[in-house]
Each structure stands twice: as C-alpha cells, then as structure tokens.
>>> print(open('my_file-v9.pdb').read())   # PDB, C-alpha atoms
ATOM      1  CA  MET A   1      -6.442   8.664  -8.541  1.00  0.00           C
ATOM      2  CA  ALA A   2      -4.977  10.694  -5.699  1.00  0.00           C
ATOM      3  CA  ILE A   3      -5.388  14.421  -5.159  1.00  0.00           C
ATOM      4  CA  LEU A   4      -3.298  16.620  -2.881  1.00  0.00           C
ATOM      5  CA  ARG A   5      -4.920  20.012  -2.280  1.00  0.00           C
ATOM      6  CA  ASN A   6      -3.547  23.159  -0.723  1.00  0.00           C
ATOM      7  CA  TYR A   7      -4.398  23.301   2.993  1.00  0.00           C
ATOM      8  CA  SER A   8      -7.049  26.012   3.340  1.00  0.00           C
ATOM      9  CA  ASN A   9     -10.783  26.484   3.764  1.00  0.00           C
ATOM     10  CA  THR A  10     -11.150  26.970   0.025  1.00  0.00           C
ATOM     11  CA  PRO A  11      -8.282  25.165  -1.725  1.00  0.00           C
ATOM     12  CA  THR A  12      -7.737  26.257  -5.309  1.00  0.00           C
ATOM     13  CA  CYS A  13      -4.433  24.555  -6.099  1.00  0.00           C
ATOM     14  CA  GLU A  14      -4.009  20.807  -6.362  1.00  0.00           C
ATOM     15  CA  VAL A  15      -1.857  18.004  -7.695  1.00  0.00           C
ATOM     16  CA  GLU A  16      -3.633  14.952  -9.072  1.00  0.00           C
ATOM     17  CA  ILE A  17      -1.876  11.717  -9.970  1.00  0.00           C
ATOM     18  CA  ASN A  18      -3.638   8.965 -11.904  1.00  0.00           C
ATOM     19  CA  ILE A  19      -1.865   5.626 -12.246  1.00  0.00           C
ATOM     20  CA  THR A  20      -2.468   4.406 -15.796  1.00  0.00           C
ATOM     21  CA  LEU A  21      -0.275   1.287 -15.985  1.00  0.00           C
ATOM     22  CA  VAL A  22       1.677  -0.908 -13.603  1.00  0.00           C
ATOM     23  CA  ASN A  23       3.787  -3.912 -14.472  1.00  0.00           C
ATOM     24  CA  ALA A  24       6.550  -5.781 -12.664  1.00  0.00           C
ATOM     25  CA  GLU A  25       9.158  -3.102 -13.425  1.00  0.00           C
ATOM     26  CA  SER A  26       7.456   0.229 -14.056  1.00  0.00           C
ATOM     27  CA  VAL A  27       4.639   2.641 -13.260  1.00  0.00           C
ATOM     28  CA  ARG A  28       3.044   4.978 -15.782  1.00  0.00           C
ATOM     29  CA  PHE A  29       1.093   7.875 -14.345  1.00  0.00           C
ATOM     30  CA  ARG A  30      -0.505  11.122 -15.386  1.00  0.00           C
ATOM     31  CA  ILE A  31       0.161  14.139 -13.198  1.00  0.00           C
ATOM     32  CA  ASP A  32      -2.047  17.224 -13.325  1.00  0.00           C
ATOM     33  CA  LEU A  33      -1.051  20.532 -11.739  1.00  0.00           C
ATOM     34  CA  ARG A  34      -4.096  22.760 -11.221  1.00  0.00           C
ATOM     35  CA  PHE A  35      -3.652  26.382 -10.234  1.00  0.00           C
ATOM     36  CA  GLY A  36      -7.278  27.425  -9.721  1.00  0.00           C
ATOM     37  CA  PRO A  37      -9.513  29.195 -12.232  1.00  0.00           C
ATOM     38  CA  SER A  38      -6.958  31.840 -13.230  1.00  0.00           C
ATOM     39  CA  PHE A  39      -4.449  29.523 -14.939  1.00  0.00           C
ATOM     40  CA  SER A  40      -4.612  26.571 -17.285  1.00  0.00           C
ATOM     41  CA  ALA A  41      -3.964  23.152 -15.819  1.00  0.00           C
ATOM     42  CA  ILE A  42      -0.684  21.503 -16.775  1.00  0.00           C
ATOM     43  CA  HIS A  43      -0.500  17.755 -17.233  1.00  0.00           C
ATOM     44  CA  LYS A  44       2.073  15.215 -18.287  1.00  0.00           C
ATOM     45  CA  GLU A  45       2.197  11.447 -18.512  1.00  0.00           C
ATOM     46  CA  LEU A  46       5.360  10.029 -16.966  1.00  0.00           C
ATOM     47  CA  LEU A  47       6.962   6.607 -16.752  1.00  0.00           C
ATOM     48  CA  CYS A  48       9.355   5.534 -14.021  1.00  0.00           C
ATOM     49  CA  LEU A  49      10.656   2.414 -12.371  1.00  0.00           C
ATOM     50  CA  LYS A  50       8.177   0.949  -9.923  1.00  0.00           C
ATOM     51  CA  ARG A  51      10.698   0.686  -7.110  1.00  0.00           C
ATOM     52  CA  ASP A  52      11.628   4.370  -7.587  1.00  0.00           C
ATOM     53  CA  PHE A  53       7.989   5.456  -7.532  1.00  0.00           C
ATOM     54  CA  LEU A  54       7.319   3.508  -4.330  1.00  0.00           C
ATOM     55  CA  LYS A  55      10.512   4.928  -2.780  1.00  0.00           C
ATOM     56  CA  LEU A  56       9.363   8.445  -3.723  1.00  0.00           C
ATOM     57  CA  LEU A  57       6.072   7.829  -1.886  1.00  0.00           C
ATOM     58  CA  LEU A  58       7.909   6.483   1.164  1.00  0.00           C
ATOM     59  CA  ASP A  59      10.303   9.450   1.207  1.00  0.00           C
ATOM     60  CA  LEU A  60       7.381  11.846   0.923  1.00  0.00           C
ATOM     61  CA  LYS A  61       5.844  10.378   4.081  1.00  0.00           C
ATOM     62  CA  GLN A  62       9.129  10.765   5.998  1.00  0.00           C
ATOM     63  CA  LEU A  63       9.775  14.482   5.443  1.00  0.00           C
ATOM     64  CA  GLU A  64      11.337  16.359   8.331  1.00  0.00           C
ATOM     65  CA  PRO A  65       9.636  19.727   8.933  1.00  0.00           C
ATOM     66  CA  THR A  66      12.947  21.514   9.521  1.00  0.00           C
ATOM     67  CA  HIS A  67      15.051  20.111   6.657  1.00  0.00           C
ATOM     68  CA  LEU A  68      15.136  21.160   3.026  1.00  0.00           C
ATOM     69  CA  SER A  69      14.543  18.096   0.813  1.00  0.00           C
ATOM     70  CA  MET A  70      14.528  17.171  -2.855  1.00  0.00           C
ATOM     71  CA  LEU A  71      12.661  14.019  -3.851  1.00  0.00           C
ATOM     72  CA  GLU A  72      12.843  12.558  -7.325  1.00  0.00           C
ATOM     73  CA  PRO A  73      12.810   9.192  -9.053  1.00  0.00           C
ATOM     74  CA  HIS A  74      15.826   8.226 -11.162  1.00  0.00           C
ATOM     75  CA  ASP A  75      13.791   8.718 -14.332  1.00  0.00           C
ATOM     76  CA  PRO A  76      13.285  12.363 -15.340  1.00  0.00           C
ATOM     77  CA  GLY A  77       9.946  14.078 -15.341  1.00  0.00           C
ATOM     78  CA  LEU A  78       9.027  15.022 -11.773  1.00  0.00           C
ATOM     79  CA  CYS A  79      10.875  16.527  -8.852  1.00  0.00           C
ATOM     80  CA  ILE A  80       9.339  17.384  -5.466  1.00  0.00           C
ATOM     81  CA  TYR A  81      11.058  19.957  -3.279  1.00  0.00           C
ATOM     82  CA  HIS A  82      10.204  20.392   0.385  1.00  0.00           C
ATOM     83  CA  ILE A  83      10.953  23.838   1.761  1.00  0.00           C
ATOM     84  CA  PRO A  84      10.638  24.154   5.550  1.00  0.00           C
ATOM     85  CA  HIS A  85       7.788  26.477   6.431  1.00  0.00           C
ATOM     86  CA  TYR A  86       9.592  27.814   9.516  1.00  0.00           C
ATOM     87  CA  GLY A  87      13.213  28.307  10.462  1.00  0.00           C
ATOM     88  CA  GLN A  88      16.348  30.179   9.460  1.00  0.00           C
ATOM     89  CA  TYR A  89      18.111  28.136   6.784  1.00  0.00           C
ATOM     90  CA  PHE A  90      18.251  31.126   4.427  1.00  0.00           C
ATOM     91  CA  VAL A  91      20.105  34.321   5.360  1.00  0.00           C
ATOM     92  CA  PRO A  92      19.472  37.277   5.508  1.00  0.00           C
ATOM     93  CA  GLU A  93      16.264  37.254   7.511  1.00  0.00           C
ATOM     94  CA  TYR A  94      13.960  34.290   6.914  1.00  0.00           C
ATOM     95  CA  GLY A  95      14.102  33.487   3.214  1.00  0.00           C
ATOM     96  CA  ILE A  96      11.548  33.940   0.514  1.00  0.00           C
ATOM     97  CA  PHE A  97       9.176  31.169   1.578  1.00  0.00           C
ATOM     98  CA  GLN A  98       9.611  31.165   5.335  1.00  0.00           C
ATOM     99  CA  ILE A  99       7.655  32.510   8.279  1.00  0.00           C
ATOM    100  CA  PRO A 100       9.606  33.363  11.450  1.00  0.00           C
ATOM    101  CA  GLU A 101       9.011  31.135  14.468  1.00  0.00           C
ATOM    102  CA  ASP A 102       7.451  33.957  16.496  1.00  0.00           C
ATOM    103  CA  ALA A 103       4.869  34.572  13.761  1.00  0.00           C
ATOM    104  CA  ARG A 104       3.515  31.017  13.769  1.00  0.00           C
ATOM    105  CA  GLU A 105      -0.241  30.965  13.846  1.00  0.00           C
ATOM    106  CA  GLU A 106      -0.904  27.277  13.324  1.00  0.00           C
ATOM    107  CA  GLU A 107      -1.406  24.399  15.672  1.00  0.00           C
ATOM    108  CA  GLU A 108      -0.213  21.761  13.210  1.00  0.00           C
ATOM    109  CA  THR A 109       3.060  21.702  11.281  1.00  0.00           C
ATOM    110  CA  ARG A 110       2.598  22.369   7.601  1.00  0.00           C
ATOM    111  CA  TYR A 111       4.843  21.353   4.725  1.00  0.00           C
ATOM    112  CA  LYS A 112       5.584  23.456   1.664  1.00  0.00           C
ATOM    113  CA  LEU A 113       5.931  21.172  -1.371  1.00  0.00           C
ATOM    114  CA  LEU A 114       6.990  22.301  -4.832  1.00  0.00           C
ATOM    115  CA  PHE A 115       5.996  19.863  -7.586  1.00  0.00           C
ATOM    116  CA  VAL A 116       8.201  20.583 -10.615  1.00  0.00           C
ATOM    117  CA  LEU A 117       7.708  19.004 -14.030  1.00  0.00           C
ATOM    118  CA  ASP A 118      10.825  18.622 -16.121  1.00  0.00           C
ATOM    119  CA  ALA A 119      10.427  21.031 -19.051  1.00  0.00           C
ATOM    120  CA  TYR A 120      13.428  19.665 -20.941  1.00  0.00           C
ATOM    121  CA  GLU A 121      12.151  16.104 -20.716  1.00  0.00           C
ATOM    122  CA  MET A 122       8.629  17.240 -21.664  1.00  0.00           C
ATOM    123  CA  ASN A 123      10.025  18.990 -24.733  1.00  0.00           C
ATOM    124  CA  LYS A 124      12.273  16.028 -25.627  1.00  0.00           C
ATOM    125  CA  PHE A 125      15.529  17.980 -25.176  1.00  0.00           C
ATOM    126  CA  GLY A 126      17.062  16.092 -22.232  1.00  0.00           C
ATOM    127  CA  SER A 127      16.435  16.396 -18.517  1.00  0.00           C
ATOM    128  CA  THR A 128      16.825  18.976 -15.755  1.00  0.00           C
ATOM    129  CA  GLU A 129      14.952  19.850 -12.575  1.00  0.00           C
ATOM    130  CA  CYS A 130      13.480  22.988 -14.200  1.00  0.00           C
ATOM    131  CA  GLY A 131      10.003  23.516 -15.568  1.00  0.00           C
ATOM    132  CA  PRO A 132       6.448  24.396 -14.606  1.00  0.00           C
ATOM    133  CA  ALA A 133       5.842  24.088 -10.875  1.00  0.00           C
ATOM    134  CA  LEU A 134       3.098  24.238  -8.276  1.00  0.00           C
ATOM    135  CA  CYS A 135       3.641  25.049  -4.613  1.00  0.00           C
ATOM    136  CA  LEU A 136       1.267  23.535  -2.060  1.00  0.00           C
ATOM    137  CA  ILE A 137       1.209  24.012   1.692  1.00  0.00           C
ATOM    138  CA  VAL A 138      -0.135  20.814   3.231  1.00  0.00           C
ATOM    139  CA  THR A 139      -0.232  18.854   6.478  1.00  0.00           C
ATOM    140  CA  MET A 140       1.501  15.544   7.079  1.00  0.00           C
ATOM    141  CA  GLU A 141      -1.916  13.904   7.332  1.00  0.00           C
ATOM    142  CA  GLN A 142      -2.680  15.060   3.777  1.00  0.00           C
ATOM    143  CA  ILE A 143       0.699  13.769   2.587  1.00  0.00           C
ATOM    144  CA  HIS A 144       0.053  10.357   4.157  1.00  0.00           C
ATOM    145  CA  GLU A 145      -3.421  10.094   2.598  1.00  0.00           C
ATOM    146  CA  PHE A 146      -2.022  11.054  -0.819  1.00  0.00           C
ATOM    147  CA  ALA A 147       0.961   8.666  -0.667  1.00  0.00           C
ATOM    148  CA  ASN A 148      -1.059   5.774   0.809  1.00  0.00           C
ATOM    149  CA  SER A 149      -3.727   6.155  -1.867  1.00  0.00           C
ATOM    150  CA  LEU A 150      -1.111   6.017  -4.635  1.00  0.00           C
ATOM    151  CA  HIS A 151       0.677   3.062  -3.025  1.00  0.00           C
ATOM    152  CA  ALA A 152      -2.595   1.127  -2.764  1.00  0.00           C
ATOM    153  CA  GLU A 153      -3.453   1.926  -6.372  1.00  0.00           C
ATOM    154  CA  VAL A 154      -0.067   0.665  -7.582  1.00  0.00           C
ATOM    155  CA  MET A 155      -0.467  -2.550  -5.608  1.00  0.00           C
ATOM    156  CA  ASN A 156      -4.065  -3.091  -6.833  1.00  0.00           C
ATOM    157  CA  LEU A 157      -3.145  -2.551 -10.484  1.00  0.00           C
ATOM    158  CA  GLU A 158      -0.165  -4.887 -10.137  1.00  0.00           C
ATOM    159  CA  ASP A 159      -2.414  -7.649  -8.832  1.00  0.00           C
ATOM    160  CA  ALA A 160      -4.951  -7.149 -11.642  1.00  0.00           C
TER     161      ALA A 160
END
>>> encode(input="my_file-v9.pdb", output="structure tokens")
Amino acid sequence: MAILRNYSNTPTCEVEINITLVNAESVRFRIDLRFGPSFSAIHKELLCLKRDFLKLLLDLKQLEPTHLSMLEPHDPGLCIYHIPHYGQYFVPEYGIFQIPEDAREEEETRYKLLFVLDAYEMNKFGSTECGPALCLIVTMEQIHEFANSLHAEVMNLEDA
C-alpha cells in the first residue's frame, strides 16, 4: 500500500494504491481517490502490464517541474497529468492552475498531479482520458517515496 497526500500541514486529499496481484506479465491494483470528509471516496481496481506499471513509476520520478506531462500505461484506467506549478505555458496571464514566478512563496519545488480514472473504461463503454479526478500538490520527495514503495511492493509480490 502506498499513499500520496496533498502537501500541507493538514492534508485532506490523497491517492492510495494497493497492489493486489503480481505475476510475470501483469499488475492488478486498487486505486482510491479520497477528497476529504466532504466527498465520497472513489475507487477502482485496474489491471495493466507489469512493464507499463513500472515504467509509469519511473516516469513519475523523472518529472520536470517546468514541463507539462501526461503519464499513462498502455492499458486504460488511469492517467496522471503533471501541470507545472509555475511558469507561463498558458496565455493569457498564467493559466488556471499556475502561480506567477514573482508570487512564489515556497522553498521547495512542488508538483501538481492530476490522477484521472477512465470513466468510459469503468463503465465498460471503451476508453478515454476522461473521468473522476483528484489534483494533488506534492513535493518530489513525496513522489519518490510513493513510487519507490509501489516498486518495492511489486517486486516483493513477484518473488512470493
């Protein structure tokens, strides 16, 4: 089990991934999106190729703070978007999710991650990158802990 929580003194939003099955070719996991006490948690069990899941974890650890990214395995179900927290990639002004460079109040770079579950795949209609989503602002240290924990869990279950 790995949990990635919003970076704050009192985090209320989190993504939890529990690996339920690993074999030579695939990984089955349950993902929970929790939005705090005001909203119901959303969960889905997903299956993807093991090599794709491990590549997703590696890509997550190599995010560039200034580049927009979309991370997804080949199998539908989950897509992770990284939106740069600072910069001017969206015009006019600074974009819906951005803070101008001169307004920075942090000492450490933070990453804005959108975890999106595939609503079409969940409803058995097909696949898209659209569905329920959770946005977390996290540090790279949190991302590394999350990805390393999942990688270790996959490797331990494979050996079992």
>>> closest_atom_pairs(input="my_file-v9.pdb", of="stretch 1-115 of chain A", to="stretch 132-144 of chain A", cutoff="6 Å", atoms="all atoms listed in the file", output="CSV")
residue,atom,partner,partner_atom,distance
A:Asn6,CA,A:Leu136,CA,5.0
A:Tyr7,CA,A:Val138,CA,4.9
A:Lys61,CA,A:His144,CA,5.8
A:Arg110,CA,A:Thr139,CA,4.7
A:Tyr111,CA,A:Val138,CA,5.2
A:Lys112,CA,A:Ile137,CA,4.4
A:Leu113,CA,A:Leu136,CA,5.3
A:Leu114,CA,A:Cys135,CA,4.3
A:Phe115,CA,A:Leu134,CA,5.3
>>> atom_distance(input="my_file-v9.pdb", atom1="atom CA of A:Val22", atom2="atom CA of A:Leu57")
15.3 Å
>>> atom_distance(input="my_file-v9.pdb", atom1="atom CA of A:Arg5", atom2="atom CA of A:Tyr120")
26.2 Å
>>> residues_around(input="my_file-v9.pdb", residues="A:Leu21", least_positions_apart="3", cutoff="10 Å", atoms="all atoms listed in the file", output="PyMOL selection string")
chain A and resi 18+26-30+47+154+157-158
>>> residues_around(input="my_file-v9.pdb", residues="A:His67", least_positions_apart="4", cutoff="8 Å", atoms="all atoms listed in the file", output="ChimeraX atom specification")
/A:63,82-84
>>> residues_around(input="my_file-v9.pdb", residues="A:Arg34", least_positions_apart="4", cutoff="9 Å", atoms="only C-alpha atoms", output="MDAnalysis selection string")
chainID A and resid 12:16 39:43 134
>>> atom_distance(input="my_file-v9.pdb", atom1="atom CA of A:Leu58", atom2="atom CA of A:Met70")
13.2 Å
>>> closest_residue(input="my_file-v9.pdb", among="A:Leu49, A:Ser38, A:Leu60, A:Leu54", to="A:Pro76", atoms="all atoms listed in the file")
A:Leu49
>>> closest_residue(input="my_file-v9.pdb", among="A:Asp59, A:Glu145, A:Glu64, A:Asp32", to="A:Val116", atoms="all atoms listed in the file")
A:Asp32
>>> closest_residue(input="my_file-v9.pdb", among="A:Ala147, A:Cys130, A:Cys48, A:Leu117", to="A:Ala24", atoms="only C-alpha atoms")
A:Cys48
>>> axis_aligned_box(input="my_file-v9.pdb", around="stretch 33-49 of chain A", padding_each_side="8 Å", output="lines of an AutoDock Vina configuration file")
center_x = 0.6
center_y = 17.1
center_z = -14.1
size_x = 36.2
size_y = 45.4
size_z = 24.8
>>> closest_residue(input="my_file-v9.pdb", among="A:Pro65, A:Asn148, A:Thr20, A:His74", to="A:Glu108", atoms="all atoms listed in the file")
A:Pro65
>>> closest_residue(input="my_file-v9.pdb", among="A:Ile31, A:Cys79, A:Met1, A:Ala152", to="A:Lys44", atoms="all atoms listed in the file")
A:Ile31
>>> closest_residue(input="my_file-v9.pdb", among="A:Ile80, A:Pro11, A:Arg51, A:Ile19", to="A:Gly36", atoms="only C-alpha atoms")
A:Pro11
